[in-house]
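Participant: There's a structure below that I have some questions on.
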Protein chains: 2
Amino acid sequence: MHTLPELLDRIAQYAAEQSFPDQPSMLYEPCDYILTLGGKRLRPATLLMGYELFRDSDDLSDALPAAWAVELFHNFTLMHDDIMDAAPLRRGQPTVHTRWNTTTGILSGDVMLIYAYQFLSRAATPDVVPGLLKTFNRVAIGVCEGQQLDVDFETRDDVSIPEYLRMIELKTAVLLGGALEMGALCARARHSDANHLYHFGRLAGTAFQIQDDLLDTYGDPAKFGKQVGGDILQNKKTLLVLKTLEVASEADRTELNRLMQTGSDHADTKIAAVRNLFNRNDIPAHIEAAKQQYQEEAFRHLDAVQVPEERKTVLRSTMEALLEREF
Amino acid sequence: MHTLPELLDRIAQYAAEQSFPDQPSMLYEPCDYILTLGGKRLRPATLLMGYELFRDSDDLSDALPAAWAVELFHNFTLMHDDIMDAAPLRRGQPTVHTRWNTTTGILSGDVMLIYAYQFLSRAATPDVVPGLLKTFNRVAIGVCEGQQLDVDFETRDDVSIPEYLRMIELKTAVLLGGALEMGALCARARHSDANHLYHFGRLAGTAFQIQDDLLDTYGDPAKFGKQVGGDILQNKKTLLVLKTLEVASEADRTELNRLMQTGSDHADTKIAAVRNLFNRNDIPAHIEAAKQQYQEEAFRHLDAVQVPEERKTVLRSTMEALLEREF
């Protein structure tokens, strides 16, 4: 068993041993570039934790290629999403399509997705490849569908809360679930355990995203890492907005809709006004309760995995820390 | 053994039984749309021909999912290439990013690529999946590299003939070779035969593309299907141009470079002038010889496949007809 820092170390070591071809440089430089922008690499680490529930050996070579495939897939989605969102910056650095151009962003993203599949095909023993491929495809399709729903929601004003939850689940949470399931598959765990792990990741990932909406408005600016109030200024239809539109009085709903049609000239005033509206409708408590519900259901799936409790320590504590935003 | 029309029929039947999910409709409608624009479906048919070299059964179900994967992959490349080329039309119909928008073109293309992998994972017996995946990845990476080289060449004026040939080989021919190799893998053919088939497709596909450059300037307008002289009007650095710059006198090279900096206002005059330049340098004969060389090398690989000659009839005659532009 390895700790999270040890696993991240192994991933960094494995990543350093891999390289894209030198040529065509315009195709592969952006792939190297986005990988150096410094993501937390929690997805591949999660895959390895799923693997280590069932295997106790210092050797992680049966799971590292699949872990790296998940990281490449994630970076492919970032490259293409940044084009769709017309995002100029990622982690304070120019996005690929900004630093190069849209053609490069599309094509380098494409080849990165294909490399993800290539790493998948390098699983130590070929007999686990078909199962890994099935899970990976299912999850990858879910991620595309989630991104499409997110795009669709921008121009819809009748998005329901279940639809919104499904969108965040697909767009971000299923990949975490898929990573855990693939870790289990690499270890040849029984099907029921792999399935519980998938749902653990899916539900915990959704809880994380629900909390993300809350922290965007209520987070500690020093800890959150993004501008607090950013969603309000962008008039984003977050879970807080949808919940308000569900539970608030007609006057408050009208007021919220009005505020969401204003610009961000008086940023502080606008943030304060919307936050007041949320507060008097008890929205933070509602959202916190929704997060708690997902989180509890998630951990019931982890409890159900048929391995001794002590083997679950690293995965359990990492996910708890993640949900407490301790890193 | 099936004839080409029979194989195309089977593919159409198989395709009709598959469907994308209904939702999100903005994600999947463009996938259905591009598939109905009516490609010739030669790539999946070629995969089935490769399969039928080694298998004699009316049942094609061991090869049809992989054949469909190749067709989906091809259509994914069309969707993304059309964005990169800013192409408004494909087969006389609006391209996906024109009919919808760039976001849709990117995301529907992405999901189509993932569906290609999903069909690959549906091969009748899981033990062929790892091999299919390896071949598919290698070829898919080649196609992306070829597209990147094509993009790079637009802004380079020192492209050599070997570089150009490598670009067309990667961009279009390796997929034909990969389709044949995958057909052989579905039939569990021996490795050496699968390898010969790959090179047969790769070389024949390159011969086809070389001829495509020739026909763009010298083709019969009634048969060629595209505007004859289109490459000249677009100042494309085709094989004809590169060969002229290699063999012509300095005066002719200067003249060609000058013509390639003019617009297309006097289309007929420009086409005639460039064609004259090609003619007096014997370029058509040079290009024809290059095509012939690739074609002969291609068929030597087909000859080397260890199955009775009569089993090769459909594949051989289809490829010959393709290279004679009979369909």
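Residue numbering restarts at 1 for every chain of the structure tokens, chains are lettered A, B, ... in their displayed order, and ligands are numbered from 1 as they appear.
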Just the residues within 10 Å of His74 (chain B), please, counting only C-alpha atoms, with nothing from its chain fewer than 5 positions along; format it as JSON, numbers by chain.
Facilitator: {"B": [39, 41, 43, 44, 68, 69, 79, 112, 113, 116, 140, 143, 172, 175]}
Participant: Print the selection's residues with N, CA and C atoms to a file, as a PDB file, in the first residue's frame.
Facilitator:
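Result went into selection_6.pdb, see below:
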```pdb
ATOM      1  N   GLY B  39     -20.907   8.662 -48.095  1.00  0.00           N
ATOM      2  CA  GLY B  39     -19.579   8.245 -48.517  1.00  0.00           C
ATOM      3  C   GLY B  39     -19.679   6.889 -49.210  1.00  0.00           C
ATOM      4  N   ARG B  41     -18.061   4.240 -48.475  1.00  0.00           N
ATOM      5  CA  ARG B  41     -17.868   3.144 -47.519  1.00  0.00           C
ATOM      6  C   ARG B  41     -16.886   2.089 -48.006  1.00  0.00           C
ATOM      7  N   ARG B  43     -13.766   1.935 -47.022  1.00  0.00           N
ATOM      8  CA  ARG B  43     -12.878   1.496 -45.949  1.00  0.00           C
ATOM      9  C   ARG B  43     -13.462   0.293 -45.196  1.00  0.00           C
ATOM     10  N   PRO B  44     -14.714   0.378 -44.748  1.00  0.00           N
ATOM     11  CA  PRO B  44     -15.259  -0.818 -44.087  1.00  0.00           C
ATOM     12  C   PRO B  44     -15.362  -2.016 -45.038  1.00  0.00           C
ATOM     13  N   TRP B  68     -17.312  -1.139 -38.984  1.00  0.00           N
ATOM     14  CA  TRP B  68     -18.077   0.072 -38.673  1.00  0.00           C
ATOM     15  C   TRP B  68     -17.227   1.055 -37.866  1.00  0.00           C
ATOM     16  N   ALA B  69     -16.348   0.523 -37.027  1.00  0.00           N
ATOM     17  CA  ALA B  69     -15.428   1.383 -36.266  1.00  0.00           C
ATOM     18  C   ALA B  69     -14.575   2.213 -37.225  1.00  0.00           C
ATOM     19  N   MET B  79     -15.278  15.397 -39.868  1.00  0.00           N
ATOM     20  CA  MET B  79     -15.930  16.449 -39.083  1.00  0.00           C
ATOM     21  C   MET B  79     -14.899  17.453 -38.565  1.00  0.00           C
ATOM     22  N   MET B 112     -17.888  10.693 -31.714  1.00  0.00           N
ATOM     23  CA  MET B 112     -17.868   9.735 -32.812  1.00  0.00           C
ATOM     24  C   MET B 112     -16.580   8.897 -32.781  1.00  0.00           C
ATOM     25  N   LEU B 113     -15.482   9.550 -32.441  1.00  0.00           N
ATOM     26  CA  LEU B 113     -14.221   8.819 -32.286  1.00  0.00           C
ATOM     27  C   LEU B 113     -14.339   7.799 -31.146  1.00  0.00           C
ATOM     28  N   ALA B 116     -16.246   4.895 -32.240  1.00  0.00           N
ATOM     29  CA  ALA B 116     -15.432   3.999 -33.074  1.00  0.00           C
ATOM     30  C   ALA B 116     -14.748   2.971 -32.167  1.00  0.00           C
ATOM     31  N   ALA B 140      -4.593   5.488 -36.260  1.00  0.00           N
ATOM     32  CA  ALA B 140      -5.266   6.740 -35.903  1.00  0.00           C
ATOM     33  C   ALA B 140      -4.237   7.828 -35.594  1.00  0.00           C
ATOM     34  N   VAL B 143      -2.886   9.082 -38.847  1.00  0.00           N
ATOM     35  CA  VAL B 143      -3.812   9.985 -39.544  1.00  0.00           C
ATOM     36  C   VAL B 143      -3.715  11.402 -38.965  1.00  0.00           C
ATOM     37  N   THR B 172      -4.066   9.663 -45.517  1.00  0.00           N
ATOM     38  CA  THR B 172      -5.168   8.891 -46.100  1.00  0.00           C
ATOM     39  C   THR B 172      -4.884   7.406 -46.297  1.00  0.00           C
ATOM     40  N   LEU B 175      -4.959   4.383 -43.252  1.00  0.00           N
ATOM     41  CA  LEU B 175      -6.260   3.904 -42.773  1.00  0.00           C
ATOM     42  C   LEU B 175      -6.760   2.743 -43.633  1.00  0.00           C
TER      43      LEU B 175
END
```
Participant: Run DSSP on the backbone and grab whatever in region 32-234 of chain B lands in helix (DSSP H, G or I); send it over as an MDAnalysis selection string.
Facilitator: chainID B and resid 32:35 42:52 64:84 96:99 102:120 126:154 161:186 191:218 221:224 230:233
Participant: Specify as a VMD selection string all residues of chain A found within 9 Å of chain B, counting only C-alpha atoms.
Facilitator: chain A and resid 23 to 24 26 to 27 80 to 81 83 to 85 102 to 104 106 to 108 110 to 111 113 to 115 117 to 118 121 to 122 126 to 127 129 to 131 133 to 134 137 to 138 140 to 141 144 to 149 151 to 152
Participant: So how many Å separate CA of Phe200 (chain A) and CA of Ala298 (chain A), to one decimal?
Facilitator: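 CA of Phe200 (chain A) sits 4.4 Å away from CA of Ala298 (chain A).
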Participant: Rounded to one decimal in Å, what is the spacing between CA of Arg99 (chain A) and CA of Arg166 (chain B)?
Facilitator: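 Going from CA of Arg99 (chain A) over to CA of Arg166 (chain B), I get 27.8 Å.
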Participant: Need to verify the contact set: Thr46 (chain B), 7 Å, only C-alpha atoms, exclusion of same-chain residues closer than 3 positions in sequence. Can you return it as a CSV table (one decimal) with all heavy atoms, in the first residue's frame?
Facilitator:
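Contents of result.csv, as written:
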```csv
chain,number,residue,atom,x,y,z
B,42,LEU,N,-15.9,2.6,-48.7
B,42,LEU,CA,-14.9,1.6,-49.2
B,42,LEU,C,-14.0,1.1,-48.1
B,42,LEU,O,-13.5,0.0,-48.2
B,42,LEU,CB,-14.0,2.3,-50.2
B,42,LEU,CG,-14.6,2.3,-51.6
B,42,LEU,CD1,-13.7,3.1,-52.6
B,42,LEU,CD2,-14.6,0.8,-52.1
B,43,ARG,N,-13.8,1.9,-47.0
B,43,ARG,CA,-12.9,1.5,-45.9
B,43,ARG,C,-13.5,0.3,-45.2
B,43,ARG,O,-12.8,-0.7,-45.1
B,43,ARG,CB,-12.5,2.7,-45.0
B,43,ARG,CG,-11.7,3.7,-45.7
B,43,ARG,CD,-11.7,5.0,-45.0
B,43,ARG,NE,-11.0,6.1,-45.8
B,43,ARG,CZ,-11.6,6.8,-46.8
B,43,ARG,NH1,-12.9,6.5,-47.0
B,43,ARG,NH2,-11.0,7.7,-47.5
B,49,MET,N,-13.2,-7.4,-46.9
B,49,MET,CA,-12.5,-8.2,-47.9
B,49,MET,C,-11.2,-8.8,-47.3
B,49,MET,O,-10.9,-9.9,-47.6
B,49,MET,CB,-12.0,-7.3,-49.0
B,49,MET,CG,-13.2,-6.9,-50.0
B,49,MET,SD,-12.6,-5.8,-51.2
B,49,MET,CE,-14.0,-4.7,-51.5
B,50,GLY,N,-10.5,-8.0,-46.4
B,50,GLY,CA,-9.4,-8.6,-45.7
B,50,GLY,C,-9.8,-9.8,-44.9
B,50,GLY,O,-9.1,-10.8,-44.9
B,179,ALA,N,-7.3,-0.9,-42.2
B,179,ALA,CA,-8.6,-1.6,-42.4
B,179,ALA,C,-8.3,-3.1,-42.8
B,179,ALA,O,-8.9,-4.0,-42.3
B,179,ALA,CB,-9.5,-0.9,-43.4
B,180,LEU,N,-7.4,-3.2,-43.8
B,180,LEU,CA,-7.1,-4.6,-44.2
B,180,LEU,C,-6.5,-5.4,-43.1
B,180,LEU,O,-6.8,-6.6,-42.9
B,180,LEU,CB,-6.2,-4.5,-45.4
B,180,LEU,CG,-6.9,-4.2,-46.8
B,180,LEU,CD1,-5.8,-3.8,-47.8
B,180,LEU,CD2,-7.7,-5.4,-47.2
```
Participant: One number please: CA of Ile210 (chain A) to CA of Leu239 (chain A), in Å, one decimal.
Facilitator: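 We find that CA of Ile210 (chain A) and CA of Leu239 (chain A) lie 7.3 Å from each other.
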Participant: Going by DSSP on the backbone, which bits of region 88-266 of chain B are strand (DSSP E or B)? Write them as a list in words, please.
Facilitator: Leu89, Arg90, Gln93 and Pro94 of chain B
Participant: Excluding Ile232 (chain B) and any residue of its chain fewer than 5 positions from it, enumerate the residues within 12 Å of it, using only C-alpha atoms, and give them as a VMD selection string.
Facilitator: chain B and resid 213 to 218 227 237 to 241 256 to 257 259 to 264 266 to 275 277 to 278
Participant: Which one of A:Leu64, A:Ala15, A:Leu7, A:Cys186 sits closest to Asp32 (chain A) if you count only C-alpha atoms?
Facilitator: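 When distances to Asp32 (chain A) are compared using only C-alpha atoms, the smallest one comes from A:Ala15.
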